[in-house]
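First the structure, in the form of structure tokens, and then the observations on it.
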2 protein chains.
Amino acid sequence: MSKTQYYAAASLDGFIATSDHSLGWLLQFGDPEDSSYPAFIREVGALAMGARTYEWIVEHLVNPGGEAESSWPYTQPAWVFSRGALPVTPGADVRFVSGDVRPVHEEMQAAAGGKNLWIVGGGDLAGQFHDQGLLDELIIQVTSVTLGQGAPLLPRAIVDPPLRLISATPFGEAFVELRYEVPWKERSSGEVRISVGTG
Amino acid sequence: MSKTQYYAAASLDGFIATSDHSLGWLLQFGDPEDSSYPAFIREVGALAMGARTYEWIVEHLVNPGGEAESSWPYTQPAWVFSRGALPVTPGADVRFVSGDVRPVHEEMQAAAGGKNLWIVGGGDLAGQFHDQGLLDELIIQVTSVTLGQGAPLLPRAIVDPPLRLISATPFGEAFVELRYEVPWKERSSGEVRISVGTG
């Protein structure tokens, strides 16, 4: 069954980017050889991201300056949440949207053909999906640094019921990947029921 | 050799307490049966904590209200950093100090008899030991919750060189314990040399 997954790298102290949007803290480790990313992305049928994540990808991956132009890194359709106009990326299957995440989630599911939905970032967008009971899993590459401040991983309180740790997989000294299920949503035949804790 | 260790529980998003100092998010899990704490505390010869951590322990563990008075939970000597006066706890081997952590670290080492030094919290006190090149290890119980805001785990940027992940040990669905070495300090015959990265 299709899952909605927030897959992201974070510092040990819970930031996904520095205050000045630098990713040097992360890129210093290079591409981890044994990353879970190839297996993860094969199962993704649609993605969603915020405007800043989109701009970062365009700036760093699509138009990385002096070098030969790279291309949009995803073959899956992508929904980009933005209040303002953003530059179109040639060759990218991107829809610009704003507002409520629920209708976008329905569109993504229709497009994904039974594959998973990836919330690329940022943290508040993942939080909006969670607010609506639409987030199923967190897959966080906890990186062996602290940043002290920056963009938060997930600016929400998810305490009662807590997340469920599914696995913890180290990748050398640089990363540990933590997988969590969001347990408070139970679906039966397409219906969403929200259990409320008593604690 | 004696190590200085920051051993603490944190949320997945890097907080050690909520903004209102509640620990319900942590205590909902009860005492984990297989915790690393018994083995950890056996090797501790001295501890240091900030004023708020001390007050929390006194309020919640020593004087938990209506019930029979409990006692100070540590047999090791403890140094409490505080700018103001704090209530003395009967039966507790506590020294109140303030200012630079370096002379306190020396006192702690002298008292610890070769055992480890535990920085109990909070995050800024651990950061002050790190600032002086005195922190050797982080041992963090990453708890399966997010808090969204609160008291930060370690309000410092430790990026270059990064920490070194030593181990990741899950305890059921509620915790994963991550152990890190702080790699930029090399000691030889008691001397502290600080290597400066080039990145």
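Please note that chains go A, B, ... in the order of the structure tokens, that every chain numbers its residues from 1, and that ligands are numbered from 1 in the order shown.
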
Should the cut-off be 6 Å, what would the residue list for chain A against chain B look like, counting only C-alpha atoms, as number ranges by chain? A: 13-14, 25, 144-148, 155-159, 162-165, 173

Could you pull out all residues of chain A with a DSSP call of alpha helix (DSSP H) and give them as a VMD selection string? chain A and resid 24 to 27 37 to 42 51 to 57 101 to 112 123 to 131

Please, which residues of region 8-175 of chain A, numbered as in this document, come out strand (DSSP E) from DSSP, as a ChimeraX atom specification? /A:8-11,15-17,44-50,78-81,94-97,116-121,137-143,151-152,164-171,175

When you look at region 113-125 of chain B with a cut-off of 6 Å (counting only C-alpha atoms), what residues show up, excluding the ones that are within fewer than 3 positions of it in the same chain? I need them as a list of chain:residue names. B:Ser2, B:Lys3, B:Thr4, B:Gln5, B:Tyr6, B:Glu43, B:Val44, B:Gly45, B:Ala46, B:Leu47, B:Ala48, B:Met49, B:Gly50, B:Gln128, B:Pro152, B:Leu153, B:Leu154

Gap from CA of Glu107 (chain B) to CA of Phe81 (chain B) - Å, one decimal: 13.5 Å

Just want the 12 Å neighbourhood of Ala92 (chain B), counted on only C-alpha atoms, with same-chain residues fewer than 2 positions away dropped. Output as a ChimeraX atom specification. /B:54,57-58,62,70-80,87-90,94-96

May I have the selected residues written with C-alpha atoms, as a PDB file, in the first residue's frame?
ATOM      1  CA  TYR B  54      19.405  20.432  39.782  1.00  0.00           C
ATOM      2  CA  ILE B  57      15.885  16.642  40.224  1.00  0.00           C
ATOM      3  CA  VAL B  58      15.075  18.189  43.606  1.00  0.00           C
ATOM      4  CA  VAL B  62      13.904  14.311  45.990  1.00  0.00           C
ATOM      5  CA  SER B  70      12.848  10.153  48.240  1.00  0.00           C
ATOM      6  CA  SER B  71      16.545  10.836  48.379  1.00  0.00           C
ATOM      7  CA  TRP B  72      19.205  12.402  46.206  1.00  0.00           C
ATOM      8  CA  PRO B  73      19.808   9.794  43.501  1.00  0.00           C
ATOM      9  CA  TYR B  74      23.609   9.978  43.191  1.00  0.00           C
ATOM     10  CA  THR B  75      26.403   8.729  45.417  1.00  0.00           C
ATOM     11  CA  GLN B  76      29.073  10.480  43.370  1.00  0.00           C
ATOM     12  CA  PRO B  77      30.067  14.073  44.162  1.00  0.00           C
ATOM     13  CA  ALA B  78      28.133  16.589  42.057  1.00  0.00           C
ATOM     14  CA  TRP B  79      29.049  20.107  40.928  1.00  0.00           C
ATOM     15  CA  VAL B  80      26.072  22.384  40.316  1.00  0.00           C
ATOM     16  CA  PRO B  87      18.435  25.034  48.280  1.00  0.00           C
ATOM     17  CA  VAL B  88      20.797  22.490  49.794  1.00  0.00           C
ATOM     18  CA  THR B  89      19.605  18.887  49.578  1.00  0.00           C
ATOM     19  CA  PRO B  90      20.190  16.861  52.766  1.00  0.00           C
ATOM     20  CA  VAL B  94      26.879  18.756  46.100  1.00  0.00           C
ATOM     21  CA  ARG B  95      29.188  21.712  45.474  1.00  0.00           C
ATOM     22  CA  PHE B  96      27.681  24.925  44.094  1.00  0.00           C
TER      23      PHE B  96
END
